[in-house]
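Colleague: You'll find input_34.cif just under this line, and it carries mmCIF, C-alpha atoms and all ligand atoms.
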```cif
data_data
#
loop_
_atom_site.group_PDB
_atom_site.id
_atom_site.type_symbol
_atom_site.label_atom_id
_atom_site.label_comp_id
_atom_site.auth_asym_id
_atom_site.auth_seq_id
_atom_site.Cartn_x
_atom_site.Cartn_y
_atom_site.Cartn_z
ATOM 1 C CA ASN A 1 -3.870 28.957 -7.878
ATOM 2 C CA PRO A 2 -1.588 28.180 -10.838
ATOM 3 C CA ILE A 3 -1.670 24.446 -10.116
ATOM 4 C CA LYS A 4 -4.286 22.572 -12.120
ATOM 5 C CA PRO A 5 -5.946 19.299 -11.103
ATOM 6 C CA ILE A 6 -4.427 16.191 -12.621
ATOM 7 C CA VAL A 7 -4.512 12.459 -12.001
ATOM 8 C CA VAL A 8 -2.082 9.786 -13.101
ATOM 9 C CA CYS A 9 -2.139 6.041 -12.565
ATOM 10 C CA THR A 10 -0.006 3.055 -13.444
ATOM 11 C CA TRP A 11 -0.884 1.144 -16.609
ATOM 12 C CA ASN A 12 -3.679 1.878 -18.998
ATOM 13 C CA PHE A 13 -6.564 2.124 -16.548
ATOM 14 C CA PHE A 14 -8.995 4.280 -18.452
ATOM 15 C CA ASN A 15 -12.008 3.776 -16.179
ATOM 16 C CA ALA A 16 -10.108 4.326 -12.943
ATOM 17 C CA SER A 17 -8.473 7.551 -14.090
ATOM 18 C CA GLU A 18 -11.770 8.739 -15.561
ATOM 19 C CA LYS A 19 -13.475 8.162 -12.209
ATOM 20 C CA ALA A 20 -10.758 10.043 -10.323
ATOM 21 C CA TRP A 21 -10.952 12.874 -12.828
ATOM 22 C CA GLU A 22 -14.727 13.122 -12.310
ATOM 23 C CA VAL A 23 -14.138 13.546 -8.575
ATOM 24 C CA LEU A 24 -11.489 16.234 -9.154
ATOM 25 C CA LYS A 25 -13.601 18.080 -11.712
ATOM 26 C CA SER A 26 -16.575 18.222 -9.395
ATOM 27 C CA GLY A 27 -14.386 19.939 -6.784
ATOM 28 C CA GLY A 28 -13.542 16.797 -4.831
ATOM 29 C CA ASN A 29 -10.217 16.542 -3.060
ATOM 30 C CA ALA A 30 -7.254 14.461 -4.160
ATOM 31 C CA LEU A 31 -7.774 11.904 -1.391
ATOM 32 C CA ASP A 32 -11.336 11.140 -2.495
ATOM 33 C CA ALA A 33 -10.214 11.082 -6.114
ATOM 34 C CA VAL A 34 -7.533 8.439 -5.632
ATOM 35 C CA GLU A 35 -9.730 6.307 -3.397
ATOM 36 C CA GLN A 36 -12.650 6.396 -5.817
ATOM 37 C CA GLY A 37 -10.331 5.888 -8.757
ATOM 38 C CA VAL A 38 -8.550 2.757 -7.574
ATOM 39 C CA ARG A 39 -11.819 1.260 -6.301
ATOM 40 C CA VAL A 40 -12.806 0.876 -9.951
ATOM 41 C CA GLU A 41 -9.995 -1.633 -10.450
ATOM 42 C CA GLU A 42 -10.647 -3.353 -7.127
ATOM 43 C CA ALA A 43 -14.214 -4.046 -8.262
ATOM 44 C CA ASP A 44 -13.225 -5.061 -11.792
ATOM 45 C CA GLU A 45 -13.077 -8.848 -11.859
ATOM 46 C CA THR A 46 -11.246 -8.857 -15.167
ATOM 47 C CA ASN A 47 -8.241 -7.178 -13.534
ATOM 48 C CA GLU A 48 -6.591 -10.256 -12.071
ATOM 49 C CA THR A 49 -3.992 -8.352 -10.042
ATOM 50 C CA VAL A 50 -6.260 -6.156 -7.937
ATOM 51 C CA GLY A 51 -9.227 -6.684 -5.595
ATOM 52 C CA LYS A 52 -11.991 -9.104 -6.552
ATOM 53 C CA GLY A 53 -10.729 -11.469 -9.212
ATOM 54 C CA GLY A 54 -7.116 -11.052 -8.092
ATOM 55 C CA ARG A 55 -4.968 -14.180 -8.399
ATOM 56 C CA PRO A 56 -4.527 -16.195 -5.205
ATOM 57 C CA ASP A 57 -1.435 -17.202 -3.286
ATOM 58 C CA ARG A 58 0.037 -20.717 -3.527
ATOM 59 C CA ASP A 59 -2.588 -22.047 -1.135
ATOM 60 C CA GLY A 60 -5.446 -20.692 -3.224
ATOM 61 C CA ASN A 61 -6.306 -17.721 -0.996
ATOM 62 C CA VAL A 62 -6.643 -14.216 -2.403
ATOM 63 C CA THR A 63 -4.851 -11.802 -0.066
ATOM 64 C CA LEU A 64 -4.932 -8.087 -0.759
ATOM 65 C CA ASP A 65 -2.514 -5.230 -0.011
ATOM 66 C CA ALA A 66 -3.395 -1.529 -0.211
ATOM 67 C CA CYS A 67 -2.489 1.861 1.151
ATOM 68 C CA ILE A 68 -3.483 5.494 0.924
ATOM 69 C CA MET A 69 -1.697 8.724 1.851
ATOM 70 C CA ASP A 70 -2.890 12.316 2.090
ATOM 71 C CA LYS A 71 -1.455 15.826 1.852
ATOM 72 C CA ASP A 72 -0.686 15.992 5.566
ATOM 73 C CA GLY A 73 1.359 12.812 5.554
ATOM 74 C CA ASN A 74 -1.451 10.817 7.138
ATOM 75 C CA CYS A 75 -1.523 7.273 5.862
ATOM 76 C CA GLY A 76 -3.270 3.954 6.272
ATOM 77 C CA SER A 77 -2.561 0.469 5.036
ATOM 78 C CA VAL A 78 -3.878 -3.058 5.073
ATOM 79 C CA VAL A 79 -1.694 -6.030 4.270
ATOM 80 C CA CYS A 80 -2.557 -9.625 3.450
ATOM 81 C CA MET A 81 -6.278 -9.099 3.967
ATOM 82 C CA GLU A 82 -8.851 -11.587 2.681
ATOM 83 C CA ASN A 83 -12.539 -11.458 1.724
ATOM 84 C CA ILE A 84 -12.931 -7.687 1.295
ATOM 85 C CA VAL A 85 -13.306 -6.194 -2.185
ATOM 86 C CA HIS A 86 -12.085 -2.684 -1.346
ATOM 87 C CA PRO A 87 -8.883 -2.780 0.714
ATOM 88 C CA VAL A 88 -8.089 0.851 -0.191
ATOM 89 C CA SER A 89 -11.204 1.983 1.642
ATOM 90 C CA VAL A 90 -10.291 -0.159 4.643
ATOM 91 C CA ALA A 91 -6.831 1.453 4.533
ATOM 92 C CA ARG A 92 -8.490 4.856 4.604
ATOM 93 C CA LYS A 93 -10.528 3.791 7.649
ATOM 94 C CA VAL A 94 -7.329 2.643 9.367
ATOM 95 C CA MET A 95 -5.929 6.109 8.664
ATOM 96 C CA GLU A 96 -8.985 7.984 9.855
ATOM 97 C CA GLU A 97 -10.484 5.817 12.575
ATOM 98 C CA THR A 98 -7.502 4.303 14.383
ATOM 99 C CA PRO A 99 -4.268 5.610 15.890
ATOM 100 C CA HIS A 100 -2.409 3.068 13.689
ATOM 101 C CA ILE A 101 -1.104 2.925 10.144
ATOM 102 C CA ILE A 102 -0.957 -0.762 9.189
ATOM 103 C CA LEU A 103 -3.398 -3.550 9.992
ATOM 104 C CA ALA A 104 -2.584 -7.082 8.869
ATOM 105 C CA GLY A 105 -4.455 -10.234 7.931
ATOM 106 C CA LYS A 106 -7.224 -11.373 10.255
ATOM 107 C CA GLY A 107 -7.064 -8.187 12.327
ATOM 108 C CA ALA A 108 -7.513 -6.042 9.232
ATOM 109 C CA GLU A 109 -10.431 -8.204 8.116
ATOM 110 C CA LYS A 110 -12.109 -8.027 11.525
ATOM 111 C CA PHE A 111 -11.656 -4.250 11.557
ATOM 112 C CA ALA A 112 -13.208 -4.057 8.078
ATOM 113 C CA TYR A 113 -16.335 -5.927 9.240
ATOM 114 C CA GLU A 114 -16.595 -3.617 12.252
ATOM 115 C CA GLN A 115 -16.483 -0.692 9.819
ATOM 116 C CA GLY A 116 -19.374 -2.162 7.822
ATOM 117 C CA PHE A 117 -17.522 -3.823 4.941
ATOM 118 C CA LYS A 118 -19.128 -6.993 3.590
ATOM 119 C CA LYS A 119 -17.527 -10.409 3.355
ATOM 120 C CA GLU A 120 -17.140 -11.581 -0.228
ATOM 121 C CA ASP A 121 -15.364 -14.440 -1.987
ATOM 122 C CA LEU A 122 -12.588 -12.830 -4.036
ATOM 123 C CA LEU A 123 -11.764 -15.877 -6.134
ATOM 124 C CA THR A 124 -13.617 -15.925 -9.460
ATOM 125 C CA GLU A 125 -14.323 -18.730 -11.860
ATOM 126 C CA SER A 126 -11.437 -17.529 -14.018
ATOM 127 C CA THR A 127 -8.837 -17.236 -11.245
ATOM 128 C CA ARG A 128 -9.958 -20.557 -9.726
ATOM 129 C CA LYS A 129 -9.388 -22.318 -13.051
ATOM 130 C CA GLN A 130 -6.002 -20.656 -13.545
ATOM 131 C CA TYR A 131 -4.997 -21.654 -10.032
ATOM 132 C CA GLU A 132 -5.974 -25.279 -10.622
ATOM 133 C CA GLU A 133 -3.905 -25.189 -13.801
ATOM 134 C CA TRP A 134 -0.955 -23.647 -11.938
ATOM 135 C CA LEU A 135 -1.158 -26.364 -9.272
ATOM 136 C CA LYS A 136 -0.181 -28.965 -11.888
ATOM 137 C CA THR A 137 3.360 -27.570 -12.040
ATOM 138 C CA SER A 138 3.353 -25.235 -9.021
ATOM 139 C CA LYS A 139 6.143 -23.268 -10.580
ATOM 140 C CA TYR A 140 6.855 -20.140 -8.617
ATOM 141 C CA GLU A 141 8.081 -17.228 -10.658
ATOM 142 C CA THR A 142 8.361 -13.682 -9.496
ATOM 143 C CA THR A 143 8.696 -12.569 -13.083
ATOM 144 C CA ILE A 144 6.288 -9.826 -13.948
ATOM 145 C CA ASN A 145 4.844 -10.724 -17.286
ATOM 146 C CA ILE A 146 1.889 -9.660 -19.315
ATOM 147 C CA GLU A 147 -0.518 -11.575 -17.109
ATOM 148 C CA ASN A 148 0.849 -10.362 -13.802
ATOM 149 C CA HIS A 149 1.241 -6.635 -13.881
ATOM 150 C CA ASP A 150 -1.941 -4.780 -13.214
ATOM 151 C CA THR A 151 -1.362 -3.237 -9.798
ATOM 152 C CA ILE A 152 -2.824 0.228 -9.675
ATOM 153 C CA GLY A 153 -0.961 3.107 -8.059
ATOM 154 C CA MET A 154 -2.608 6.503 -8.445
ATOM 155 C CA LEU A 155 -1.481 10.056 -7.710
ATOM 156 C CA ALA A 156 -3.688 13.162 -7.889
ATOM 157 C CA ILE A 157 -3.526 16.896 -7.406
ATOM 158 C CA ASP A 158 -6.760 18.740 -6.605
ATOM 159 C CA ASP A 159 -8.040 22.297 -7.038
ATOM 160 C CA ASN A 160 -6.183 23.375 -3.907
ATOM 161 C CA GLY A 161 -2.920 22.065 -5.300
ATOM 162 C CA ASP A 162 -2.865 19.284 -2.690
ATOM 163 C CA ILE A 163 -1.529 15.826 -3.517
ATOM 164 C CA ALA A 164 -2.755 12.378 -2.429
ATOM 165 C CA GLY A 165 -2.061 8.831 -3.548
ATOM 166 C CA ALA A 166 -3.295 5.258 -3.285
ATOM 167 C CA CYS A 167 -1.999 1.853 -4.288
ATOM 168 C CA THR A 168 -3.835 -1.486 -4.315
ATOM 169 C CA THR A 169 -3.005 -5.028 -5.436
ATOM 170 C CA SER A 170 -3.474 -8.742 -4.900
ATOM 171 C CA GLY A 171 0.317 -8.983 -5.118
ATOM 172 C CA MET A 172 2.375 -11.511 -7.012
ATOM 173 C CA ALA A 173 0.309 -14.413 -8.257
ATOM 174 C CA TYR A 174 0.953 -17.681 -6.383
ATOM 175 C CA LYS A 175 3.120 -15.960 -3.785
ATOM 176 C CA VAL A 176 4.007 -17.756 -0.559
ATOM 177 C CA ALA A 177 1.096 -17.439 1.876
ATOM 178 C CA GLY A 178 1.610 -14.369 4.027
ATOM 179 C CA ARG A 179 3.831 -12.578 1.561
ATOM 180 C CA VAL A 180 3.434 -8.797 1.504
ATOM 181 C CA GLY A 181 4.793 -6.722 -1.353
ATOM 182 C CA ASP A 182 5.707 -3.078 -1.747
ATOM 183 C CA SER A 183 2.255 -1.795 -2.643
ATOM 184 C CA PRO A 184 0.898 -1.310 0.926
ATOM 185 C CA ILE A 185 4.244 -0.184 2.353
ATOM 186 C CA ILE A 186 4.436 3.585 2.745
ATOM 187 C CA GLY A 187 7.669 4.767 1.135
ATOM 188 C CA ALA A 188 8.004 1.667 -1.038
ATOM 189 C CA GLY A 189 4.891 1.293 -3.196
ATOM 190 C CA LEU A 190 3.645 4.815 -2.509
ATOM 191 C CA PHE A 191 4.830 8.061 -1.023
ATOM 192 C CA ILE A 192 3.388 11.568 -0.939
ATOM 193 C CA ASP A 193 5.079 14.731 0.251
ATOM 194 C CA ASN A 194 2.763 17.644 -0.341
ATOM 195 C CA GLU A 195 5.670 20.088 -0.535
ATOM 196 C CA VAL A 196 7.298 18.129 -3.346
ATOM 197 C CA GLY A 197 5.184 15.529 -5.120
ATOM 198 C CA GLY A 198 4.317 11.850 -5.073
ATOM 199 C CA ALA A 199 5.492 8.533 -6.453
ATOM 200 C CA THR A 200 4.141 5.014 -6.836
ATOM 201 C CA ALA A 201 5.453 1.698 -8.095
ATOM 202 C CA THR A 202 4.457 -1.483 -9.834
ATOM 203 C CA GLY A 203 6.430 -4.636 -10.547
ATOM 204 C CA VAL A 204 8.405 -6.995 -8.335
ATOM 205 C CA GLY A 205 7.745 -5.523 -4.913
ATOM 206 C CA GLU A 206 10.763 -7.043 -3.198
ATOM 207 C CA GLU A 207 13.067 -4.897 -5.320
ATOM 208 C CA VAL A 208 11.031 -1.775 -4.653
ATOM 209 C CA ILE A 209 11.102 -2.374 -0.887
ATOM 210 C CA ARG A 210 14.879 -2.882 -0.893
ATOM 211 C CA THR A 211 15.397 0.633 -2.239
ATOM 212 C CA VAL A 212 12.371 2.247 -0.521
ATOM 213 C CA GLY A 213 11.576 3.235 -4.077
ATOM 214 C CA SER A 214 8.738 5.747 -3.849
ATOM 215 C CA PHE A 215 10.313 7.638 -0.958
ATOM 216 C CA LEU A 216 13.594 7.718 -2.846
ATOM 217 C CA ILE A 217 11.920 9.237 -5.898
ATOM 218 C CA VAL A 218 10.137 11.931 -3.910
ATOM 219 C CA GLU A 219 13.384 12.826 -2.123
ATOM 220 C CA LEU A 220 15.193 13.026 -5.457
ATOM 221 C CA MET A 221 12.521 15.451 -6.656
ATOM 222 C CA ARG A 222 12.990 17.467 -3.472
ATOM 223 C CA GLN A 223 16.676 17.735 -4.386
ATOM 224 C CA GLY A 224 15.728 19.216 -7.747
ATOM 225 C CA LYS A 225 15.188 16.310 -10.114
ATOM 226 C CA SER A 226 12.189 16.268 -12.440
ATOM 227 C CA PRO A 227 9.699 13.403 -12.015
ATOM 228 C CA GLN A 228 11.224 11.762 -15.093
ATOM 229 C CA GLU A 229 14.812 12.079 -13.848
ATOM 230 C CA ALA A 230 13.820 10.863 -10.385
ATOM 231 C CA CYS A 231 12.084 7.741 -11.766
ATOM 232 C CA GLU A 232 15.130 6.976 -13.919
ATOM 233 C CA GLU A 233 17.438 7.268 -10.926
ATOM 234 C CA GLY A 234 15.093 5.041 -8.893
ATOM 235 C CA VAL A 235 15.209 2.249 -11.461
ATOM 236 C CA LYS A 236 18.981 2.642 -11.853
ATOM 237 C CA ARG A 237 19.475 2.168 -8.102
ATOM 238 C CA ILE A 238 17.567 -1.089 -8.349
ATOM 239 C CA MET A 239 19.540 -2.232 -11.383
ATOM 240 C CA LYS A 240 22.800 -1.491 -9.592
ATOM 241 C CA LYS A 241 21.820 -4.048 -6.960
ATOM 242 C CA ASN A 242 20.813 -6.510 -9.684
ATOM 243 C CA GLU A 243 23.588 -6.183 -12.211
ATOM 244 C CA GLY A 244 22.783 -8.004 -15.411
ATOM 245 C CA ARG A 245 19.533 -9.403 -14.093
ATOM 246 C CA LYS A 246 16.769 -9.170 -16.643
ATOM 247 C CA ASP A 247 14.008 -11.377 -15.316
ATOM 248 C CA PHE A 248 11.917 -8.789 -13.557
ATOM 249 C CA GLN A 249 9.959 -5.646 -14.277
ATOM 250 C CA ILE A 250 9.607 -2.483 -12.204
ATOM 251 C CA GLY A 251 7.670 0.609 -13.227
ATOM 252 C CA PHE A 252 7.843 3.898 -11.350
ATOM 253 C CA LEU A 253 5.470 6.807 -11.785
ATOM 254 C CA ALA A 254 5.898 10.266 -10.265
ATOM 255 C CA ILE A 255 4.281 13.680 -10.184
ATOM 256 C CA ASN A 256 5.608 16.936 -8.777
ATOM 257 C CA LYS A 257 3.891 19.897 -7.202
ATOM 258 C CA ASN A 258 3.698 21.666 -10.582
ATOM 259 C CA GLY A 259 1.759 18.778 -12.085
ATOM 260 C CA GLU A 260 4.686 17.539 -14.174
ATOM 261 C CA THR A 261 4.731 13.757 -14.513
ATOM 262 C CA GLY A 262 7.231 11.096 -15.449
ATOM 263 C CA GLY A 263 7.791 7.372 -15.463
ATOM 264 C CA TYR A 264 10.512 4.830 -16.079
ATOM 265 C CA CYS A 265 10.756 1.046 -16.079
ATOM 266 C CA VAL A 266 13.163 -1.865 -16.430
ATOM 267 C CA HIS A 267 11.664 -3.419 -19.568
ATOM 268 C CA PRO A 268 9.591 -1.823 -22.319
ATOM 269 C CA GLY A 269 5.870 -2.087 -21.800
ATOM 270 C CA PHE A 270 5.094 -0.002 -18.748
ATOM 271 C CA THR A 271 2.674 2.833 -19.431
ATOM 272 C CA TYR A 272 0.767 5.257 -17.291
ATOM 273 C CA ARG A 273 -2.465 7.096 -17.779
ATOM 274 C CA GLU A 274 -2.748 10.820 -17.291
ATOM 275 C CA TYR A 275 -5.927 12.864 -17.097
ATOM 276 C CA SER A 276 -6.024 16.650 -16.845
ATOM 277 C CA ASP A 277 -7.551 19.644 -18.605
ATOM 278 C CA ASN A 278 -5.127 18.773 -21.383
ATOM 279 C CA GLY A 279 -7.080 15.603 -22.008
ATOM 280 C CA HIS A 280 -6.715 11.912 -21.424
ATOM 281 C CA HIS A 281 -3.428 10.319 -22.432
ATOM 282 C CA ASN A 282 -1.799 6.934 -22.261
ATOM 283 C CA ARG A 283 1.906 7.669 -21.746
ATOM 284 C CA GLU A 284 4.486 5.166 -22.880
ATOM 285 C CA VAL A 285 7.613 5.355 -20.783
ATOM 286 C CA ILE A 286 11.198 4.655 -21.726
ATOM 287 C CA SER A 287 12.987 1.728 -20.159
ATOM 288 C CA PHE A 288 16.363 0.651 -18.790
ATOM 289 C CA TYR A 289 16.578 -2.216 -21.283
ATOM 290 C CA GLU A 290 15.473 -1.579 -24.846
HETATM 291 C C1 LIG A 301 3.764 -6.650 -5.544
HETATM 292 N N1 LIG A 301 4.158 -4.632 -6.759
HETATM 293 O O1 LIG A 301 2.974 -7.210 -4.798
HETATM 294 C C2 LIG A 301 3.218 -5.694 -6.570
HETATM 295 C C3 LIG A 301 2.900 -6.474 -7.802
HETATM 296 C C4 LIG A 301 2.568 -5.640 -8.981
HETATM 297 O O2 LIG A 301 1.522 -5.374 -10.946
HETATM 298 O O3 LIG A 301 2.914 -4.500 -9.112
HETATM 299 N N2 LIG A 301 1.880 -6.168 -9.920
HETATM 300 O O4 LIG A 301 4.976 -6.859 -5.514
#
```
Show this structure as structure tokens.
Modeller:
Amino acid sequence: NPIKPIVVCTWNFFNASEKAWEVLKSGGNALDAVEQGVRVEEADETNETVGKGGRPDRDGNVTLDACIMDKDGNCGSVVCMENIVHPVSVARKVMEETPHIILAGKGAEKFAYEQGFKKEDLLTESTRKQYEEWLKTSKYETTINIENHDTIGMLAIDDNGDIAGACTTSGMAYKVAGRVGDSPIIGAGLFIDNEVGGATATGVGEEVIRTVGSFLIVELMRQGKSPQEACEEGVKRIMKKNEGRKDFQIGFLAINKNGETGGYCVHPGFTYREYSDNGHHNREVISFYE
């Protein structure tokens, strides 16, 4: 098989990509690799955009979104789920144990308990304090800034040359209660087509949903574009609908069946991590605005 294992993930998540790489190197499949990889960030309380320690919504509740997709196009997703540290694993259970794809809110949480997941308070001392501070002004900004951009989307190719992906987030900080972003929406925050490649997104989810961003990128690769070209076209589609608007960030990341990778973003600053036999790299990507 000429295709070599590789994993990529949004942002500079060293530990998550290392974990996924360990799974791939020990002969594990891409699905296990991405699940195990993103779980590292879900458990990391210092990542305040994913899992435990994620920032709450405007009412002070931490609600998580996650999805996972495999080589056969099977997928699972949970949206707006509270009190569970590992939504990606619940999403995988939805995929494997139910005839459904998306479970929401209380239903997702109940399903998680039935599957043996433990109830846990997701708010930490740090996010509680920040929330109390935010309450003083209650200013709602969708702007993705330095403190609000750590969603992890991960794509992997295993020894068999099969591709899988996962995406997990606590969403936009101080969002309206009930808000769901792109991250758990198949085709928006994540899409895998094992014949072609995979894509994932980070940034202001509303804009990614409007263009069905990850699906768009995979289709562009199917039509012959490289991962880099496809990500650039994806961002340009979004910018066309937002002419002149500069107050938001989007980062796309893609991989094709040959293990080539690429990324593109609206503003400088988006990076992705890549781990393969060629080593461990933090890749800076070029941006729409300089
Ligand atoms: C969302 N795309 O909920 C996510 C937010 C994000 O890094 O990517 N933050 O819209």
Colleague: Using the chain letters and residue numbers of this document, give as a PyMOL selection string the residues selected by the PyMOL selection byres (((chain A and resi 89-100) around 7) and not hetatm).
Modeller: chain A and resi 35+66-68+74-78+86-88+101-102+112
Colleague: Might you spell out which residues the PyMOL selection byres (((chain A and resi 54) around 9) and not hetatm) would select in the displayed file, as a VMD selection string?
Modeller: chain A and resid 42 45 to 53 55 to 56 62 to 64 122 to 124 127 169 to 171 173
Colleague: With the file shown as input, list the residues that the PyMOL selection byres (((not hetatm)) within 6 of (chain A and resi 301)) selects, as a PyMOL selection string.
Modeller: chain A and resi 148-151+171-172+181-183+202-205
Colleague: What gap, in Å, lies between CA of Asn83 in chain A and CA of Leu155 in chain A?
Modeller: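 Answer for the CA of Asn83 in chain A to CA of Leu155 in chain A separation: 26.0 Å.
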Colleague: Work out how far CA of Gln223 in chain A is from CA of Gly189 in chain A, in Å to one decimal.
Modeller: 20.3 Å
Colleague: Please list, as a PyMOL selection string, the residues that have an atom at most 12 Å away from (-20.3, -6.3, 6.0) in the coordinates of this file, counting all atoms listed in the file.
Modeller: chain A and resi 83-86+90+109-120
Colleague: Which residue gives the smallest distance to His281 in chain A among A:Lys236, A:Ala201, A:Val212, A:Ser17, with all atoms listed in the file counted?
Modeller: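 Smallest separation from His281 in chain A among the options: A:Ser17.
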Colleague: Mind listing whatever residues come within 10 Å of the point (9.9, 2.0, -10.0)? Use all atoms listed in the file, file coordinates, and give them as an NGL selection string.
Modeller: :A and (188-189 or 199-205 or 207-208 or 211-214 or 216-217 or 230-238 or 249-254 or 263-266)
Colleague: Using CA of Asp72 in chain A and CA of Asn194 in chain A as the two end points, give the distance in Å to one decimal.
Modeller: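 According to the coordinates, CA of Asp72 in chain A and CA of Asn194 in chain A are separated by 7.0 Å.
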Colleague: Which one of A:Tyr131, A:Phe191, A:Phe270, A:Phe13 sits closest to Asp44 in chain A if you count all atoms listed in the file?
Modeller: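 Among A:Tyr131, A:Phe191, A:Phe270, A:Phe13, it is A:Phe13 that comes nearest to Asp44 in chain A.
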Colleague: Taking into account only C-alpha atoms, which residue in the set A:Ile185, A:Ile163, A:Ile3, A:Ala108 is nearest to Arg210 in chain A?
Modeller: A:Ile185
Colleague: Which one is closest to Cys80 in chain A: A:Pro184, A:Gly198, A:Val218, A:Asn12? Count all atoms listed in the file.
Modeller: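 Smallest distance to Cys80 in chain A is found for A:Pro184.
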Colleague: Of the residues A:Asn282, A:Ser226, A:Ser126, A:Ser26, which is the one nearest to Asn256 in chain A, using only C-alpha atoms?
Modeller: A:Ser226
Colleague: Neighbours of Asn29 in chain A within 12 Å (all atoms listed in the file; same-chain residues fewer than 2 positions away dropped), as a count of residues only?
Modeller: 30
Colleague: Here is a test: counting all atoms listed in the file, which residue of A:Gly178, A:Gly105, A:Gly153, A:Gly60 is nearest to Trp134 in chain A?
Modeller: A:Gly60
Colleague: Any chance you could work out the axis-aligned box around range 208-215 of chain A, listed atoms only, 6 Å on each side, giving centre and edge lengths in Å to one decimal, as JSON?
Modeller:
```
{"center_x": 12.1, "center_y": 2.4, "center_z": -2.6, "size_x": 18.7, "size_y": 22.5, "size_z": 16.1}
```
